[in-house]
>>> print(open('target.txt').read())   # compact mmCIF, C-alpha atoms
# COMPACT_ATOMS: atom_id res chain seq x y z
CA MET A 23 70.48 100.74 112.90
CA LYS A 24 72.28 102.52 115.71
CA TYR A 25 73.73 106.02 115.39
CA ARG A 26 76.81 107.74 116.80
CA GLN A 27 78.07 111.31 116.97
CA LEU A 28 80.63 112.21 114.30
CA GLY A 29 83.04 114.37 116.24
CA THR A 30 82.25 118.08 116.22
CA THR A 31 80.43 117.98 112.88
CA GLY A 32 77.06 117.90 114.63
CA PHE A 33 76.14 114.89 112.49
CA LYS A 34 74.64 111.81 114.11
CA VAL A 35 75.57 109.06 111.67
CA SER A 36 74.73 105.40 111.19
CA GLU A 37 77.40 103.32 112.90
CA VAL A 38 77.49 101.14 109.78
CA SER A 39 77.60 103.53 106.85
CA LEU A 40 78.64 103.05 103.22
CA GLY A 41 81.89 103.48 101.32
CA THR A 42 81.63 103.74 97.54
CA TRP A 43 85.07 102.71 96.27
CA GLN A 44 83.46 99.58 94.83
CA LEU A 45 81.02 101.76 92.91
CA GLY A 46 83.84 103.48 91.11
CA GLY A 47 87.27 102.37 92.23
CA LYS A 48 89.76 99.72 91.17
CA TRP A 49 87.74 96.58 91.78
CA GLY A 50 87.88 95.15 88.29
CA THR A 51 84.36 96.13 87.21
CA ASP A 52 82.95 98.84 84.98
CA PHE A 53 80.85 101.56 86.55
CA ASP A 54 77.19 100.51 86.50
CA SER A 55 74.93 103.45 87.32
CA LYS A 56 71.85 101.26 87.82
CA LYS A 57 73.66 98.97 90.25
CA ALA A 58 75.10 101.99 92.06
CA GLU A 59 71.60 103.44 92.45
CA GLU A 60 70.23 100.14 93.79
CA THR A 61 73.12 99.78 96.23
CA LEU A 62 72.74 103.31 97.56
CA ASN A 63 68.97 103.11 97.92
CA THR A 64 69.16 99.76 99.69
CA ALA A 65 71.66 101.16 102.19
CA ILE A 66 69.47 104.19 102.90
CA ASP A 67 66.38 101.96 103.20
CA LYS A 68 68.27 100.04 105.89
CA GLY A 69 69.06 103.16 107.89
CA VAL A 70 72.40 104.33 106.45
CA ASN A 71 72.62 108.13 106.54
CA PHE A 72 76.33 108.68 105.84
CA ILE A 73 77.97 107.92 102.50
CA ASP A 74 81.64 108.30 101.67
CA THR A 75 82.84 108.89 98.12
CA ALA A 76 85.75 110.62 96.34
CA ASP A 77 86.39 112.67 93.22
CA VAL A 78 88.81 110.04 91.96
CA TYR A 79 86.25 107.21 91.98
CA ARG A 80 85.60 106.81 88.25
CA ASP A 81 86.49 110.44 87.70
CA GLY A 82 83.48 111.92 89.46
CA LYS A 83 80.89 109.32 88.45
CA SER A 84 80.65 108.01 91.99
CA GLU A 85 80.12 111.52 93.38
CA ASN A 86 77.44 112.13 90.77
CA ALA A 87 75.66 108.84 91.48
CA VAL A 88 75.67 109.44 95.23
CA ALA A 89 74.32 112.97 94.82
CA LYS A 90 71.57 111.84 92.45
CA VAL A 91 70.25 109.30 94.94
CA VAL A 92 70.61 111.62 97.95
CA LYS A 93 68.62 114.33 96.16
CA SER A 94 65.85 111.82 95.41
CA ARG A 95 65.39 110.90 99.08
CA ARG A 96 63.54 112.71 101.84
CA GLU A 97 65.88 111.52 104.59
CA GLN A 98 68.80 113.58 105.86
CA ILE A 99 71.80 111.91 104.23
CA TYR A 100 75.30 113.19 104.91
CA VAL A 101 77.84 112.90 102.09
CA ALA A 102 81.59 112.90 102.57
CA THR A 103 83.92 113.19 99.61
CA LYS A 104 87.68 113.40 99.23
CA CYS A 105 90.21 115.35 97.20
CA GLY A 106 93.88 115.06 96.30
CA SER A 107 94.23 111.61 94.76
CA LYS A 108 93.78 112.94 91.24
CA LEU A 109 97.22 114.49 91.38
CA GLU A 110 99.77 112.88 89.06
CA PRO A 111 102.34 112.36 90.39
CA LYS A 112 100.90 112.34 93.89
CA ILE A 113 103.82 114.07 95.56
CA ALA A 114 103.83 116.57 98.41
CA GLU A 115 104.88 119.46 96.18
CA ALA A 116 101.78 118.98 94.01
CA PHE A 117 99.47 119.70 96.94
CA THR A 118 98.83 123.43 96.90
CA PRO A 119 95.92 125.50 98.23
CA GLN A 120 95.04 126.54 94.68
CA VAL A 121 94.92 122.98 93.34
CA LEU A 122 92.88 121.68 96.26
CA ARG A 123 90.45 124.58 95.97
CA LYS A 124 89.88 123.59 92.32
CA PHE A 125 89.20 120.00 93.37
CA VAL A 126 86.57 121.21 95.84
CA GLU A 127 84.96 123.29 93.11
CA ASP A 128 84.93 120.21 90.85
CA SER A 129 83.26 118.11 93.56
CA LEU A 130 80.59 120.78 93.98
CA ALA A 131 80.01 120.59 90.22
CA ASN A 132 79.96 116.77 90.20
CA THR A 133 77.40 116.63 92.99
CA GLY A 134 75.40 119.76 92.29
CA PHE A 135 75.46 120.52 96.00
CA ASP A 136 75.69 124.09 97.25
CA THR A 137 77.99 122.96 100.05
CA LEU A 138 79.90 119.79 100.90
CA ASP A 139 79.03 118.21 104.25
CA LEU A 140 82.56 116.88 104.68
CA ILE A 141 85.61 117.23 102.44
CA GLN A 142 88.61 115.05 103.26
CA LEU A 143 92.22 115.26 102.14
CA HIS A 144 92.66 111.94 100.36
CA CYS A 145 95.73 110.20 101.77
CA PRO A 146 98.29 112.87 100.88
CA PRO A 147 102.01 112.27 101.45
CA THR A 148 103.07 112.63 105.07
CA GLN A 149 104.85 115.94 104.45
CA VAL A 150 101.53 117.61 103.55
CA TYR A 151 100.37 117.32 107.16
CA TYR A 152 103.22 119.63 108.16
CA ARG A 153 102.04 122.51 105.96
CA PRO A 154 99.59 124.81 107.80
CA GLU A 155 98.72 126.75 104.66
CA ILE A 156 96.95 123.68 103.28
CA PHE A 157 94.65 123.46 106.27
CA GLU A 158 94.12 127.23 106.44
CA MET A 159 92.73 127.20 102.91
CA PHE A 160 89.84 124.98 103.99
CA ASP A 161 88.86 127.53 106.63
CA LYS A 162 88.43 130.03 103.81
CA LEU A 163 86.25 127.56 101.91
CA LYS A 164 84.14 127.10 105.02
CA ASP A 165 83.75 130.86 105.43
CA GLN A 166 82.57 130.98 101.81
CA GLY A 167 79.98 128.29 102.50
CA LYS A 168 81.50 125.78 100.09
CA ILE A 169 82.26 123.20 102.77
CA GLN A 170 80.85 122.53 106.21
CA ASN A 171 83.64 120.38 107.65
CA LEU A 172 87.21 119.29 106.94
CA GLY A 173 88.52 115.80 107.52
CA VAL A 174 91.50 113.73 106.46
CA SER A 175 91.92 110.20 105.18
CA VAL A 176 95.25 108.84 106.37
CA GLU A 177 97.48 105.85 105.77
CA LYS A 178 99.50 106.06 108.98
CA VAL A 179 98.83 106.68 112.66
CA GLU A 180 101.57 109.35 112.55
CA GLU A 181 99.57 111.26 109.95
CA GLY A 182 96.40 111.04 112.02
CA LEU A 183 98.17 112.37 115.10
CA LYS A 184 99.60 115.28 113.14
CA ALA A 185 96.28 116.05 111.45
CA ILE A 186 94.35 116.42 114.69
CA GLU A 187 96.74 119.17 115.79
CA TYR A 188 94.83 121.39 113.37
CA PRO A 189 91.67 122.66 115.10
CA ASN A 190 89.62 122.61 111.89
CA VAL A 191 90.10 118.85 111.35
CA THR A 192 86.82 117.33 112.52
CA THR A 193 87.27 113.73 111.32
CA VAL A 194 89.98 111.20 110.53
CA GLN A 195 89.37 108.29 108.21
CA ILE A 196 91.73 105.41 108.95
CA ILE A 197 92.12 101.66 108.36
CA TYR A 198 91.21 99.65 111.44
CA ASN A 199 90.13 96.03 111.55
CA MET A 200 90.99 92.66 113.06
CA PHE A 201 94.18 92.69 110.95
CA ARG A 202 95.07 96.35 111.57
CA GLN A 203 94.81 97.05 115.27
CA ARG A 204 97.43 99.72 115.93
CA PRO A 205 95.09 102.77 115.75
CA ALA A 206 93.35 101.63 118.94
CA GLU A 207 96.61 101.67 120.92
CA PHE A 208 97.05 105.44 121.19
CA PHE A 209 95.53 107.33 118.31
CA PHE A 210 91.87 106.73 119.14
CA GLU A 211 92.39 108.02 122.66
CA GLN A 212 94.04 111.20 121.40
CA ALA A 213 91.34 111.79 118.80
CA ASN A 214 88.67 111.26 121.43
CA LYS A 215 90.26 113.90 123.66
CA LYS A 216 89.82 116.42 120.85
CA ASP A 217 86.36 115.15 119.91
CA VAL A 218 87.55 114.17 116.44
CA GLY A 219 85.28 111.73 114.65
CA ILE A 220 86.76 108.39 113.59
CA ILE A 221 85.65 106.93 110.25
CA VAL A 222 86.91 103.38 109.74
CA ARG A 223 87.61 102.21 106.20
CA VAL A 224 88.78 98.83 104.83
CA PRO A 225 86.97 97.08 107.72
CA LEU A 226 87.02 93.71 105.97
CA ALA A 227 90.62 93.89 104.72
CA SER A 228 89.47 94.02 101.08
CA GLY A 229 87.10 91.11 101.66
CA LEU A 230 89.67 88.85 103.30
CA LEU A 231 87.79 89.01 106.61
CA THR A 232 84.58 87.74 105.07
CA GLY A 233 86.07 84.23 105.20
CA LYS A 234 84.95 83.63 101.61
CA PHE A 235 88.37 83.59 99.94
CA SER A 236 90.79 80.71 99.37
CA LYS A 237 94.13 80.09 97.66
CA ASN A 238 92.17 79.43 94.47
CA THR A 239 90.19 82.67 94.49
CA GLN A 240 90.79 84.62 91.30
CA PHE A 241 90.66 88.42 91.14
CA GLY A 242 90.17 90.33 87.91
CA LYS A 243 93.04 91.97 86.07
CA GLN A 244 91.79 95.45 87.00
CA ASP A 245 91.06 94.50 90.63
CA HIS A 246 93.50 96.08 93.10
CA ARG A 247 93.56 92.78 95.00
CA ASN A 248 95.35 91.39 91.98
CA PHE A 249 97.71 94.19 90.96
CA ASN A 250 98.43 96.10 94.19
CA ARG A 251 99.43 93.41 96.69
CA ASP A 252 102.96 94.78 96.72
CA GLY A 253 101.90 98.43 96.61
CA LYS A 254 102.77 98.98 92.94
CA SER A 255 99.93 101.45 92.31
CA PHE A 256 99.15 102.95 95.73
CA ASP A 257 99.80 102.27 99.38
CA LYS A 258 100.09 98.54 100.00
CA GLY A 259 98.06 98.92 103.19
CA GLU A 260 94.91 99.63 101.17
CA THR A 261 94.97 96.07 99.78
CA PHE A 262 94.20 93.29 102.30
CA ALA A 263 95.18 95.88 104.95
CA GLY A 264 98.80 95.21 103.99
CA VAL A 265 98.64 91.56 105.07
CA ASP A 266 100.29 88.86 103.00
CA TYR A 267 97.39 87.04 101.32
CA GLU A 268 98.28 83.47 102.30
CA THR A 269 99.15 84.50 105.85
CA GLY A 270 95.79 86.24 106.02
CA LEU A 271 94.04 83.06 104.91
CA HIS A 272 95.67 81.12 107.76
CA ALA A 273 94.57 83.78 110.25
CA VAL A 274 91.02 83.73 108.87
CA ASP A 275 90.90 79.95 109.33
CA GLU A 276 91.67 80.54 113.00
CA LEU A 277 88.99 83.23 113.23
CA LYS A 278 86.45 80.75 111.86
CA LYS A 279 87.17 78.53 114.84
CA VAL A 280 86.48 81.44 117.19
CA PHE A 281 83.17 82.25 115.46
CA PRO A 282 81.89 78.87 114.20
CA GLU A 283 78.30 80.11 114.30
CA HIS A 284 79.02 82.59 111.48
CA ASN A 285 79.29 81.22 107.94
CA ASN A 286 79.96 84.77 106.83
CA LEU A 287 82.53 86.54 109.01
CA ALA A 288 81.79 90.01 107.61
CA PRO A 289 79.14 91.06 110.16
CA VAL A 290 81.20 89.88 113.13
CA ALA A 291 84.35 91.56 111.74
CA ILE A 292 82.43 94.83 111.53
CA LYS A 293 80.94 94.28 114.98
CA TRP A 294 84.47 93.81 116.33
CA ILE A 295 85.28 97.33 115.12
CA LEU A 296 82.10 98.75 116.62
CA MET A 297 83.05 97.30 119.99
CA ASN A 298 85.45 100.24 120.21
CA LYS A 299 83.35 103.20 121.35
CA ASN A 300 85.87 105.68 119.93
CA VAL A 301 84.75 104.66 116.44
CA SER A 302 82.11 106.97 114.97
CA CYS A 303 81.21 104.80 112.00
CA VAL A 304 82.45 102.05 109.70
CA ILE A 305 82.23 102.47 105.91
CA PRO A 306 82.36 99.02 104.29
CA GLY A 307 81.89 99.03 100.55
CA ALA A 308 79.47 96.85 98.64
CA SER A 309 79.35 95.58 95.08
CA LYS A 310 76.09 93.66 95.61
CA ILE A 311 72.85 94.32 97.44
CA GLU A 312 73.58 91.21 99.53
CA HIS A 313 76.81 92.82 100.74
CA VAL A 314 74.92 95.89 101.93
CA LYS A 315 72.48 93.79 103.93
CA SER A 316 75.25 91.63 105.37
CA ASN A 317 77.33 94.62 106.47
CA ILE A 318 74.41 96.46 108.02
CA SER A 319 73.36 93.38 110.01
CA ALA A 320 76.47 93.93 112.16
CA SER A 321 74.68 96.78 113.92
CA GLU A 322 72.14 94.33 115.37
CA LEU A 323 74.59 91.68 116.52
CA PRO A 324 75.07 91.27 120.28
CA SER A 325 78.35 92.43 121.81
CA ILE A 326 81.26 90.06 121.27
CA PRO A 327 82.16 88.30 124.56
CA ASP A 328 85.45 89.24 126.21
CA GLU A 329 86.92 85.78 125.72
CA LYS A 330 86.34 85.94 121.97
CA MET A 331 87.80 89.44 121.80
CA GLU A 332 90.90 88.03 123.51
CA GLN A 333 91.11 85.17 121.02
CA VAL A 334 91.01 87.64 118.12
CA GLU A 335 93.86 89.52 119.76
CA GLU A 336 95.86 86.28 120.08
CA ILE A 337 95.38 85.51 116.39
CA TYR A 338 96.53 89.02 115.48
CA GLU A 339 99.61 88.63 117.69
CA LYS A 340 100.48 85.22 116.18
CA TYR A 341 99.88 85.82 112.48
CA ILE A 342 99.65 89.51 111.67
CA LYS A 343 101.28 91.94 114.08
CA ALA A 344 104.93 91.45 113.17
CA SER A 345 104.39 92.32 109.51
CA VAL A 346 101.94 95.23 109.72
CA HIS A 347 101.81 96.79 113.16
CA GLN A 348 104.63 99.32 112.92
CA ARG A 349 104.26 100.03 109.21
CA TRP A 350 101.05 102.00 109.48
>>> encode(input="target.txt", output="C-alpha cells")
Amino acid sequence: MKYRQLGTTGFKVSEVSLGTWQLGGKWGTDFDSKKAEETLNTAIDKGVNFIDTADVYRDGKSENAVAKVVKSRREQIYVATKCGSKLEPKIAEAFTPQVLRKFVEDSLANTGFDTLDLIQLHCPPTQVYYRPEIFEMFDKLKDQGKIQNLGVSVEKVEEGLKAIEYPNVTTVQIIYNMFRQRPAEFFFEQANKKDVGIIVRVPLASGLLTGKFSKNTQFGKQDHRNFNRDGKSFDKGETFAGVDYETGLHAVDELKKVFPEHNNLAPVAIKWILMNKNVSCVIPGASKIEHVKSNISASELPSIPDEKMEQVEEIYEKYIKASVHQRW
C-alpha cells in the first residue's frame, strides 16, 4: 500500500482506503455486523488506514461497526464520518448550526470516540455553502475538542470551489472516475493551491466500471442502482455517476478493448484515478472480501501508459461527456 498526505489534516492515508456505504447504505442488503467486521479487518490487514462512514448509513450502525473494529486494532486508523443527510426534508433551511451540532454529538455517541478525526457535511444543498455561520460552528466544535477536522462531501464542482473558500475546510469528497472527469479540469488545481485534501468517492461508478455488468444484470428492489437511476431518492449523480446505464455499458465495452489484460476493470479504474497526484485517496466500497482485495490491488499496479490514458479520454468524449460533464 502507498500513502498520501490528506491536505492539512496531518494524516498520511492509504491511497486506496475504504468507503462503507455498502455496509449500511441503499445497496439492497440487510446490515450484517459479522460481514462488516470481516470487511473492515481485511482492509486494515491490507494496509488501509482511512475509513469513511456516515451517520445515515443504517442509522448509525455503520459508524458503530467501524468504531468497534478500529478500537480492536493497534494500528493508527483514521475515521471520517458525515452529517446532514438525516434531515427530512433535506432542504437548505433545515441546516442550522444547532441541528448539525446535535448530529456531531450523535456520531460521538455512535462511535464512542472522544473526538472525530474528520466530520464532513454530507452533500447539503448548494445554498448551504453560502452560509458562513454553518462553517463557523465547526470551529467551535474543534475548540471544544469534539472534532479534529472539517470536510465536505459535494455533488458539484461549484460546491467544492465554494467550500474551499472557508479556511477551516481541510478536505473535499467528490465523485471522480473515468465517467466523471470534470473535477480534474479546474477544481483539483484550486484545491491543491490551498492544500485541501481530495477524497474520491464512487470510483467505480456504482460497479459499472468493474466490467461485470450487462443488460441482463438484475439489481435488488432496495438497491439504489435499481430505484435511483433517475434521481428519485437522491442526487442522480450518485448512481452510476449519473451515466445512462446502457450508454455506460457501451463505454465499458470500449474500455475492455483498451485494457484486454484485465478481466476485472476495477483495479485499473481505481489506478486511473490515482494517476492524478492531486487525489489524496480513493474510497471504494466493498460488499465482499474479494472486492476489498481487488480494490486494494490497484495500489500495486504500474502506471497506466500515456496512450491508454488518451484512449480513456477519447471514450469519455465519445460516450459520456455530453450527458454528465456540465451537470456536476
>>> atom_distance(input="target.txt", atom1="atom CA of Glu85 of chain A", atom2="atom CA of Asp252 of chain A")
28.5 Å
>>> residues_around(input="target.txt", residues="Pro306 of chain A", least_positions_apart="3", cutoff="8 Å", atoms="all atoms listed in the file", output="MDAnalysis selection string")
chainID A and resid 38:41 223:226 317
>>> residues_around(input="target.txt", residues="Ala344 of chain A", least_positions_apart="6", cutoff="12 Å", atoms="only C-alpha atoms", output="ChimeraX atom specification")
/A:201-204,264-266,269,337-338,350
>>> residues_around(input="target.txt", residues="Ile326 of chain A", least_positions_apart="5", cutoff="9 Å", atoms="all atoms listed in the file", output="MDAnalysis selection string")
chainID A and resid 290 293:294 297 331
>>> closest_residue(input="target.txt", among="A:Ile73, A:Val176, A:Met200, A:Leu138", to="Gly106 of chain A", atoms="only C-alpha atoms")
A:Val176
>>> residues_around(input="target.txt", residues="Ser302 of chain A", least_positions_apart="2", cutoff="12 Å", atoms="all atoms listed in the file", output="PyMOL selection string")
chain A and resi 24-31+33-39+72+192-196+210+213-214+217-223+295-300+304-305
>>> atom_distance(input="target.txt", atom1="atom CA of Asn285 of chain A", atom2="atom CA of Gly233 of chain A")
7.9 Å
>>> closest_residue(input="target.txt", among="A:Trp43, A:Tyr100, A:Tyr152, A:Tyr267", to="Tyr79 of chain A", atoms="all atoms listed in the file")
A:Trp43
>>> atom_distance(input="target.txt", atom1="atom CA of Lys343 of chain A", atom2="atom CA of His313 of chain A")
27.9 Å
>>> closest_residue(input="target.txt", among="A:Leu163, A:Cys105, A:Leu271, A:Ile141", to="Tyr341 of chain A", atoms="all atoms listed in the file")
A:Leu271
>>> closest_residue(input="target.txt", among="A:Ser129, A:Val334, A:Lys310, A:Ala114", to="Lys279 of chain A", atoms="only C-alpha atoms")
A:Val334
>>> residues_around(input="target.txt", residues="Gln142 of chain A", least_positions_apart="5", cutoff="6 Å", atoms="only C-alpha atoms", output="MDAnalysis selection string")
chainID A and resid 104 172:174
>>> write_last_selection(input="target.txt", atoms="C-alpha atoms", output="JSON list (two decimals), in the coordinates of the input")
[["chain", "number", "residue", "atom", "x", "y", "z"],
["A", 104, "LYS", "CA", 87.68, 113.40, 99.23],
["A", 172, "LEU", "CA", 87.21, 119.29, 106.94],
["A", 173, "GLY", "CA", 88.52, 115.80, 107.52],
["A", 174, "VAL", "CA", 91.50, 113.73, 106.46]]
>>> closest_residue(input="target.txt", among="A:Val150, A:Ala320, A:Val346, A:Ala273", to="Ala288 of chain A", atoms="all atoms listed in the file")
A:Ala320
>>> closest_residue(input="target.txt", among="A:Val314, A:Lys90, A:Ser255, A:Asn190", to="Glu110 of chain A", atoms="only C-alpha atoms")
A:Ser255
>>> decode(input="target.txt", residues="segment 190-202 of chain A", atoms="N, CA and C atoms", output="compact mmCIF listing (two decimals), in the first residue's frame")
# COMPACT_ATOMS: atom_id res chain seq x y z
N ASN A 190 -11.34 26.69 7.24
CA ASN A 190 -11.37 25.50 8.10
C ASN A 190 -11.76 24.23 7.36
N VAL A 191 -12.04 24.33 6.05
CA VAL A 191 -12.35 23.13 5.26
C VAL A 191 -11.04 22.48 4.82
N THR A 192 -10.76 21.31 5.37
CA THR A 192 -9.48 20.65 5.11
C THR A 192 -9.56 19.59 4.01
N THR A 193 -10.77 19.10 3.74
CA THR A 193 -10.93 18.05 2.71
C THR A 193 -12.22 18.26 1.93
N VAL A 194 -12.21 17.78 0.70
CA VAL A 194 -13.43 17.74 -0.12
C VAL A 194 -13.56 16.33 -0.68
N GLN A 195 -14.72 15.75 -0.45
CA GLN A 195 -15.03 14.44 -1.01
C GLN A 195 -15.89 14.66 -2.25
N ILE A 196 -15.48 14.07 -3.37
CA ILE A 196 -16.15 14.36 -4.63
C ILE A 196 -16.12 13.13 -5.53
N ILE A 197 -17.09 13.03 -6.43
CA ILE A 197 -17.11 11.92 -7.40
C ILE A 197 -16.15 12.24 -8.54
N TYR A 198 -15.26 11.29 -8.79
CA TYR A 198 -14.29 11.44 -9.88
C TYR A 198 -13.93 10.04 -10.35
N ASN A 199 -14.14 9.78 -11.62
CA ASN A 199 -13.77 8.48 -12.18
C ASN A 199 -13.70 8.59 -13.70
N MET A 200 -13.49 7.50 -14.37
CA MET A 200 -13.39 7.50 -15.83
C MET A 200 -14.63 8.09 -16.49
N PHE A 201 -15.77 8.03 -15.81
CA PHE A 201 -17.03 8.55 -16.35
C PHE A 201 -17.41 9.90 -15.74
N ARG A 202 -16.58 10.44 -14.88
CA ARG A 202 -16.86 11.75 -14.26
C ARG A 202 -15.53 12.49 -14.13
